[in-house]
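Asks: Here you go, one structure.
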Amino acid sequence: MTNPPLPFTAAREEEFDELGELLGTLFHGGFDAESWAVEKTLLEPERTLLVRDGSALVASATTFTRELTVPGARLPAAHVSMVGVAPTHRRRGLLTEMMRRQLREARDAGREPVAVLWASEGRIYPRYGYGLAAQRLVIDGETVELRLPGPTSAEGRLRLARAVDCRAELARVYDAVRPDRPGWSSRGEVWWNYVLADPPAQRGGATERRAVLHEGPDGVDGYALFRTKSEWDATGPNGLTTVDEVVTGSPAAYLAMWRLLLSLDLTRRLTYRTGALDEPLLRLVNEPRRLGARLVDGLWLRVVDLPAALAARRYATPVDVVLEVADELLPENAGRWRLTGGPDGATCVPGDGPAELACDIRCLGELYLGGATVGALAAAGRVRELRPGVLATVGPAFGWHRAPAGMEVF
């Protein structure tokens with residue numbers, strides 16, 4: 001029996017709560033009205049795709065309009081989220097159709113050269129051209145034996161506060177640091193509401209979220225967001241510190257804040273889920289193994305408009321290469337492209353010479369923020385060197401002096 005095609009429509013505000021209930025079911029978290037009251041303010045109805053079977057809502061996907069920091073630049077990026085299909089309607093092509101429509105709409109609108117998302121499962125999105133652009137460092141550490149370098153006179157002053165009470169200071173620091181951090185997204189008012197929302201149902205028995213702010217010679221120049229959970233065992237206190245964000249461009253502020261986070265009274269463990277691959281903490285503690293650090297996937301990126309995307313970012317070293325690119329979903333990206341650029345700018349135009357490197361659009365997503373290397377992709381057989389020696393010259397260009405990082409799950 002063939003299932004009839006189902007209609008795809010843009011959401012209406014009166015459907016938002018029904019969407020929240022569907023997502024609560026699909027992601028096994030249930031529907032929490034307080035949390036959803038904040039999350040639904042992020043929705044853009046015209047960019048929220050819904051699928052119904054009769055009166056039942058059975059699938060959804062949304063896009064948020066935000067800016068993304070990329071190597072040497074900031075550009076509009078489609079932030080994809082709330083993607084899911086009801087278990088009763090799997091294996092009917094609904095996910096594929098939603099992803100195709102999202103990408104086509106973004107491409108036709110011409111304002112967002114790339115799209116990004118966090119994946120519930122890493123196997124899902126590569127088939128739509130998304131590449132793993134930024135890994136993240138997860139820390140599950142034992143803090144008892146960890147030590148950091150001692151304080152210096154240049155460290156400044158630390159101040160504790162409720163996170164919601166120092167929002168303006170947090171935003172100023174974040175906006176100052178973000179331009180140098182590939183993978184970080186812009187935060188307007190509704191996004192700060194989302195980041196700082198702290199409903200009791202989402203705390204897992206821990207305290208409300210707190211902030212520690214670092215005050216340097218010119219005012220607040222760093223912050224960390226964290227919470228603690230009281231636990232005891234037969235040997236005494238065994239509390240847990242959960243760190244959500246550490247944001248600063250000052251080495252002194254970074255060291256001072258981490259010294260506090262690792263030494264809170266009655267705590268013995270610390271978890272941090274959104275560290276970067278170049279996290280300085282790994283180079284500061286006396287015993288890195290005690291951090292229990294591991295790498296997992298973070299931000300996934302899809303190149304939507306290839307020439308616009310490659311021309312928008314900067315390159316660490318001069319590059320001049322002709323790429324042969326495959327893209328089944330957006331054929332406008334397929335073909336031969338000449339990329340010319342460096343630290344000061346870049347151009348990308350149709351190539352008129354023989355191709356020197358060949359790859360698919362997913363590979364460009366992995367390379368775009370500087371998180372993957374051309375050499376690693378070539379070793380995996382996913383990038384092909386068509387002119388001997390070109391890997392050695394192109395590889396360094398796609399790198400960057402800061403590793404990309406996904407700061408927040410959206």
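Identifiers in the structure tokens: chain A, B, ... in order shown; residue index from 1 per chain; ligand index from 1 in order shown.
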Using only C-alpha atoms, which residues sit within 9 Å of Arg402 (chain A) once same-chain residues fewer than 4 positions away are excluded, as a CSV table (one decimal) with N, CA and C atoms, in the first residue's frame?
Replies:
```
chain,number,residue,atom,x,y,z
A,71,PRO,N,36.6,31.7,10.0
A,71,PRO,CA,38.0,32.2,10.0
A,71,PRO,C,38.1,33.6,9.3
A,180,ASP,N,36.8,36.4,17.2
A,180,ASP,CA,38.1,35.6,17.0
A,180,ASP,C,37.8,34.1,17.2
A,181,ARG,N,36.5,33.7,17.3
A,181,ARG,CA,36.3,32.3,17.7
A,181,ARG,C,35.4,31.6,16.6
A,182,PRO,N,35.9,31.0,15.6
A,182,PRO,CA,35.1,30.3,14.6
A,182,PRO,C,34.1,29.3,15.3
A,278,ASP,N,41.5,23.3,21.3
A,278,ASP,CA,42.7,24.0,21.8
A,278,ASP,C,42.5,24.6,23.2
A,370,GLY,N,38.1,25.4,9.7
A,370,GLY,CA,39.5,25.1,10.1
A,370,GLY,C,39.6,24.0,11.0
```
Asks: Among region 34-274 of chain A, which ones does DSSP assign to helix (DSSP H, G or I) (computed from the backbone)? Answer as a PyMOL selection string.
Replies: chain A and resi 34-42+45-47+87-89+94-109+125-128+163-180+189-196+200-202+251-261
Asks: Skip Arg167 (chain A) itself and residues of its chain fewer than 6 positions away, then list as a list of chain:residue names all residues within 10 Å of it, counting only C-alpha atoms.
Replies: A:Trp192, A:Asn193, A:Leu196, A:Ala211
Asks: Dump N, CA and C atoms for the selected residues as a PDB file, in the first residue's frame?
Replies:
```pdb
ATOM      1  N   TRP A 192      19.905  35.508  24.247  1.00  0.00           N
ATOM      2  CA  TRP A 192      20.361  35.603  25.633  1.00  0.00           C
ATOM      3  C   TRP A 192      19.273  35.116  26.582  1.00  0.00           C
ATOM      4  N   ASN A 193      18.024  35.369  26.265  1.00  0.00           N
ATOM      5  CA  ASN A 193      16.940  34.805  27.075  1.00  0.00           C
ATOM      6  C   ASN A 193      17.033  33.281  27.107  1.00  0.00           C
ATOM      7  N   LEU A 196      20.270  32.014  29.121  1.00  0.00           N
ATOM      8  CA  LEU A 196      20.199  32.221  30.561  1.00  0.00           C
ATOM      9  C   LEU A 196      18.945  31.634  31.203  1.00  0.00           C
ATOM     10  N   ALA A 211      27.180  32.840  37.866  1.00  0.00           N
ATOM     11  CA  ALA A 211      28.233  33.413  37.021  1.00  0.00           C
ATOM     12  C   ALA A 211      29.392  33.829  37.903  1.00  0.00           C
TER      13      ALA A 211
END
```
Asks: I'd like the neighbourhood of Pro404 (chain A) as a ChimeraX atom specification, where a residue qualifies if any of its atoms comes within 12 Å (using only C-alpha atoms), though same-chain residues fewer than 4 positions away should be ignored.
Replies: /A:68-72,132-137,178-185,274-279,297-301,366-372,399-400
Asks: Write out the residues from the selection above, keeping C-alpha atoms, as a PDB file, in the first residue's frame.
Replies:
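The result, written out as part_24.pdb:
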```pdb
ATOM      1  CA  LEU A  68      28.307  32.738  12.487  1.00  0.00           C
ATOM      2  CA  THR A  69      31.968  33.497  13.111  1.00  0.00           C
ATOM      3  CA  VAL A  70      34.201  31.853  10.506  1.00  0.00           C
ATOM      4  CA  PRO A  71      37.961  32.198  10.009  1.00  0.00           C
ATOM      5  CA  GLY A  72      38.614  35.907   9.665  1.00  0.00           C
ATOM      6  CA  LEU A 132      31.705  17.710  10.982  1.00  0.00           C
ATOM      7  CA  ALA A 133      33.146  21.213  11.172  1.00  0.00           C
ATOM      8  CA  ALA A 134      33.970  21.510  14.889  1.00  0.00           C
ATOM      9  CA  GLN A 135      34.645  18.797  17.412  1.00  0.00           C
ATOM     10  CA  ARG A 136      34.262  19.542  21.102  1.00  0.00           C
ATOM     11  CA  LEU A 137      36.244  18.569  24.133  1.00  0.00           C
ATOM     12  CA  ARG A 178      33.265  36.111  19.483  1.00  0.00           C
ATOM     13  CA  PRO A 179      34.925  37.694  16.405  1.00  0.00           C
ATOM     14  CA  ASP A 180      38.060  35.594  17.049  1.00  0.00           C
ATOM     15  CA  ARG A 181      36.261  32.292  17.653  1.00  0.00           C
ATOM     16  CA  PRO A 182      35.092  30.287  14.595  1.00  0.00           C
ATOM     17  CA  GLY A 183      31.881  28.427  15.308  1.00  0.00           C
ATOM     18  CA  TRP A 184      30.356  30.933  17.737  1.00  0.00           C
ATOM     19  CA  SER A 185      26.989  32.428  16.836  1.00  0.00           C
ATOM     20  CA  THR A 274      31.601  22.492  25.261  1.00  0.00           C
ATOM     21  CA  GLY A 275      35.378  22.800  25.431  1.00  0.00           C
ATOM     22  CA  ALA A 276      37.434  23.541  22.332  1.00  0.00           C
ATOM     23  CA  LEU A 277      40.162  21.305  20.940  1.00  0.00           C
ATOM     24  CA  ASP A 278      42.701  24.015  21.815  1.00  0.00           C
ATOM     25  CA  GLU A 279      41.314  24.459  25.344  1.00  0.00           C
ATOM     26  CA  ASP A 297      31.267  15.704  17.490  1.00  0.00           C
ATOM     27  CA  GLY A 298      30.047  19.268  17.849  1.00  0.00           C
ATOM     28  CA  LEU A 299      28.962  21.641  15.112  1.00  0.00           C
ATOM     29  CA  TRP A 300      28.065  20.331  11.653  1.00  0.00           C
ATOM     30  CA  LEU A 301      28.219  22.649   8.633  1.00  0.00           C
ATOM     31  CA  GLU A 366      34.452  19.858   7.414  1.00  0.00           C
ATOM     32  CA  LEU A 367      37.233  22.154   6.218  1.00  0.00           C
ATOM     33  CA  TYR A 368      35.304  25.397   6.350  1.00  0.00           C
ATOM     34  CA  LEU A 369      35.895  26.435   9.973  1.00  0.00           C
ATOM     35  CA  GLY A 370      39.455  25.112  10.069  1.00  0.00           C
ATOM     36  CA  GLY A 371      38.579  22.094  12.201  1.00  0.00           C
ATOM     37  CA  ALA A 372      39.578  19.334   9.780  1.00  0.00           C
ATOM     38  CA  GLY A 399      43.702  26.025   8.909  1.00  0.00           C
ATOM     39  CA  TRP A 400      43.322  28.823  11.442  1.00  0.00           C
TER      40      TRP A 400
END
```
Asks: Could I get the residues of region 17-52 of chain A with an atom no further than 12 Å from an atom of region 104-126 of chain A, each paired with its nearest atom pair and that distance in Å to one decimal, using only C-alpha atoms, sorted by chain and residue number, as a tab-separated table?
Replies:
```
residue	atom	partner	partner_atom	distance
A:Leu26	CA	A:Ser120	CA	11.0
A:Phe27	CA	A:Ser120	CA	9.0
A:Glu46	CA	A:Glu105	CA	11.0
A:Arg47	CA	A:Glu105	CA	9.2
A:Thr48	CA	A:Glu105	CA	11.7
A:Leu49	CA	A:Glu105	CA	11.3
```
Asks: What does the distance from CA of Glu13 (chain A) to CA of Leu50 (chain A) come to in Å, to one decimal?
Replies: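 Going from CA of Glu13 (chain A) over to CA of Leu50 (chain A), I get 11.9 Å.
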Asks: Could you pull out all residues of region 50-230 of chain A with a DSSP call of strand (DSSP E) and give them as a PyMOL selection string?
Replies: chain A and resi 50-53+56-70+73-85+114-118+131-142+157-162+210-216+219-229
Asks: Can I get the selection written as a PDB file, in the first residue's frame, with C-alpha atoms?
Replies:
```
ATOM      1  CA  LEU A  50       5.598  21.394   9.643  1.00  0.00           C
ATOM      2  CA  VAL A  51       4.112  18.191   8.229  1.00  0.00           C
ATOM      3  CA  ARG A  52       0.645  16.958   9.160  1.00  0.00           C
ATOM      4  CA  ASP A  53      -1.181  13.728   8.562  1.00  0.00           C
ATOM      5  CA  ALA A  56      -1.808  15.147  13.646  1.00  0.00           C
ATOM      6  CA  LEU A  57       1.556  16.959  13.558  1.00  0.00           C
ATOM      7  CA  VAL A  58       4.094  14.314  12.479  1.00  0.00           C
ATOM      8  CA  ALA A  59       7.308  16.118  11.448  1.00  0.00           C
ATOM      9  CA  SER A  60       9.111  19.442  11.807  1.00  0.00           C
ATOM     10  CA  ALA A  61      12.279  21.356  10.978  1.00  0.00           C
ATOM     11  CA  THR A  62      13.128  24.959  11.676  1.00  0.00           C
ATOM     12  CA  THR A  63      15.800  27.486  10.784  1.00  0.00           C
ATOM     13  CA  PHE A  64      17.030  30.336  12.964  1.00  0.00           C
ATOM     14  CA  THR A  65      18.435  33.496  11.386  1.00  0.00           C
ATOM     15  CA  ARG A  66      21.796  34.171  13.029  1.00  0.00           C
ATOM     16  CA  GLU A  67      25.359  35.153  12.248  1.00  0.00           C
ATOM     17  CA  LEU A  68      28.307  32.738  12.487  1.00  0.00           C
ATOM     18  CA  THR A  69      31.968  33.497  13.111  1.00  0.00           C
ATOM     19  CA  VAL A  70      34.201  31.853  10.506  1.00  0.00           C
ATOM     20  CA  ALA A  73      34.985  36.945   9.171  1.00  0.00           C
ATOM     21  CA  ARG A  74      31.365  36.766  10.310  1.00  0.00           C
ATOM     22  CA  LEU A  75      28.552  35.865   7.936  1.00  0.00           C
ATOM     23  CA  PRO A  76      24.844  34.976   7.939  1.00  0.00           C
ATOM     24  CA  ALA A  77      24.267  31.273   8.520  1.00  0.00           C
ATOM     25  CA  ALA A  78      21.103  29.190   8.596  1.00  0.00           C
ATOM     26  CA  HIS A  79      20.942  27.622  12.064  1.00  0.00           C
ATOM     27  CA  VAL A  80      18.957  24.406  11.651  1.00  0.00           C
ATOM     28  CA  SER A  81      17.146  22.859  14.624  1.00  0.00           C
ATOM     29  CA  MET A  82      14.046  21.062  15.933  1.00  0.00           C
ATOM     30  CA  VAL A  83      14.275  18.409  13.226  1.00  0.00           C
ATOM     31  CA  GLY A  84      12.257  15.273  13.820  1.00  0.00           C
ATOM     32  CA  VAL A  85       9.725  12.784  12.488  1.00  0.00           C
ATOM     33  CA  VAL A 114      26.269  28.073   4.933  1.00  0.00           C
ATOM     34  CA  ALA A 115      23.973  26.160   7.289  1.00  0.00           C
ATOM     35  CA  VAL A 116      24.912  24.705  10.677  1.00  0.00           C
ATOM     36  CA  LEU A 117      23.338  22.313  13.164  1.00  0.00           C
ATOM     37  CA  TRP A 118      23.915  20.032  16.144  1.00  0.00           C
ATOM     38  CA  GLY A 131      30.331  17.819   7.445  1.00  0.00           C
ATOM     39  CA  LEU A 132      31.705  17.710  10.982  1.00  0.00           C
ATOM     40  CA  ALA A 133      33.146  21.213  11.172  1.00  0.00           C
ATOM     41  CA  ALA A 134      33.970  21.510  14.889  1.00  0.00           C
ATOM     42  CA  GLN A 135      34.645  18.797  17.412  1.00  0.00           C
ATOM     43  CA  ARG A 136      34.262  19.542  21.102  1.00  0.00           C
ATOM     44  CA  LEU A 137      36.244  18.569  24.133  1.00  0.00           C
ATOM     45  CA  VAL A 138      34.182  17.007  26.917  1.00  0.00           C
ATOM     46  CA  ILE A 139      35.711  17.079  30.389  1.00  0.00           C
ATOM     47  CA  ASP A 140      34.552  14.770  33.182  1.00  0.00           C
ATOM     48  CA  GLY A 141      37.269  15.407  35.687  1.00  0.00           C
ATOM     49  CA  GLU A 142      38.270  14.497  39.202  1.00  0.00           C
ATOM     50  CA  ARG A 157      39.351  40.346  40.844  1.00  0.00           C
ATOM     51  CA  LEU A 158      36.636  37.681  40.731  1.00  0.00           C
ATOM     52  CA  ARG A 159      32.986  38.320  41.520  1.00  0.00           C
ATOM     53  CA  LEU A 160      30.123  35.844  41.915  1.00  0.00           C
ATOM     54  CA  ALA A 161      26.602  36.716  40.779  1.00  0.00           C
ATOM     55  CA  ARG A 162      23.337  35.199  39.622  1.00  0.00           C
ATOM     56  CA  ARG A 210      25.692  31.144  38.678  1.00  0.00           C
ATOM     57  CA  ALA A 211      28.233  33.413  37.021  1.00  0.00           C
ATOM     58  CA  VAL A 212      31.773  34.213  38.023  1.00  0.00           C
ATOM     59  CA  LEU A 213      33.033  37.438  36.451  1.00  0.00           C
ATOM     60  CA  HIS A 214      36.619  38.540  36.141  1.00  0.00           C
ATOM     61  CA  GLU A 215      37.368  42.229  36.508  1.00  0.00           C
ATOM     62  CA  GLY A 216      40.602  43.383  34.916  1.00  0.00           C
ATOM     63  CA  GLY A 219      36.453  46.274  33.752  1.00  0.00           C
ATOM     64  CA  VAL A 220      34.841  42.868  33.258  1.00  0.00           C
ATOM     65  CA  ASP A 221      36.857  40.908  30.694  1.00  0.00           C
ATOM     66  CA  GLY A 222      35.741  37.331  31.310  1.00  0.00           C
ATOM     67  CA  TYR A 223      32.957  35.185  32.687  1.00  0.00           C
ATOM     68  CA  ALA A 224      32.036  31.586  33.391  1.00  0.00           C
ATOM     69  CA  LEU A 225      28.553  30.106  33.823  1.00  0.00           C
ATOM     70  CA  PHE A 226      28.220  27.120  36.157  1.00  0.00           C
ATOM     71  CA  ARG A 227      26.080  25.303  38.685  1.00  0.00           C
ATOM     72  CA  THR A 228      26.830  22.839  41.484  1.00  0.00           C
ATOM     73  CA  LYS A 229      25.159  19.733  42.845  1.00  0.00           C
TER      74      LYS A 229
END
```
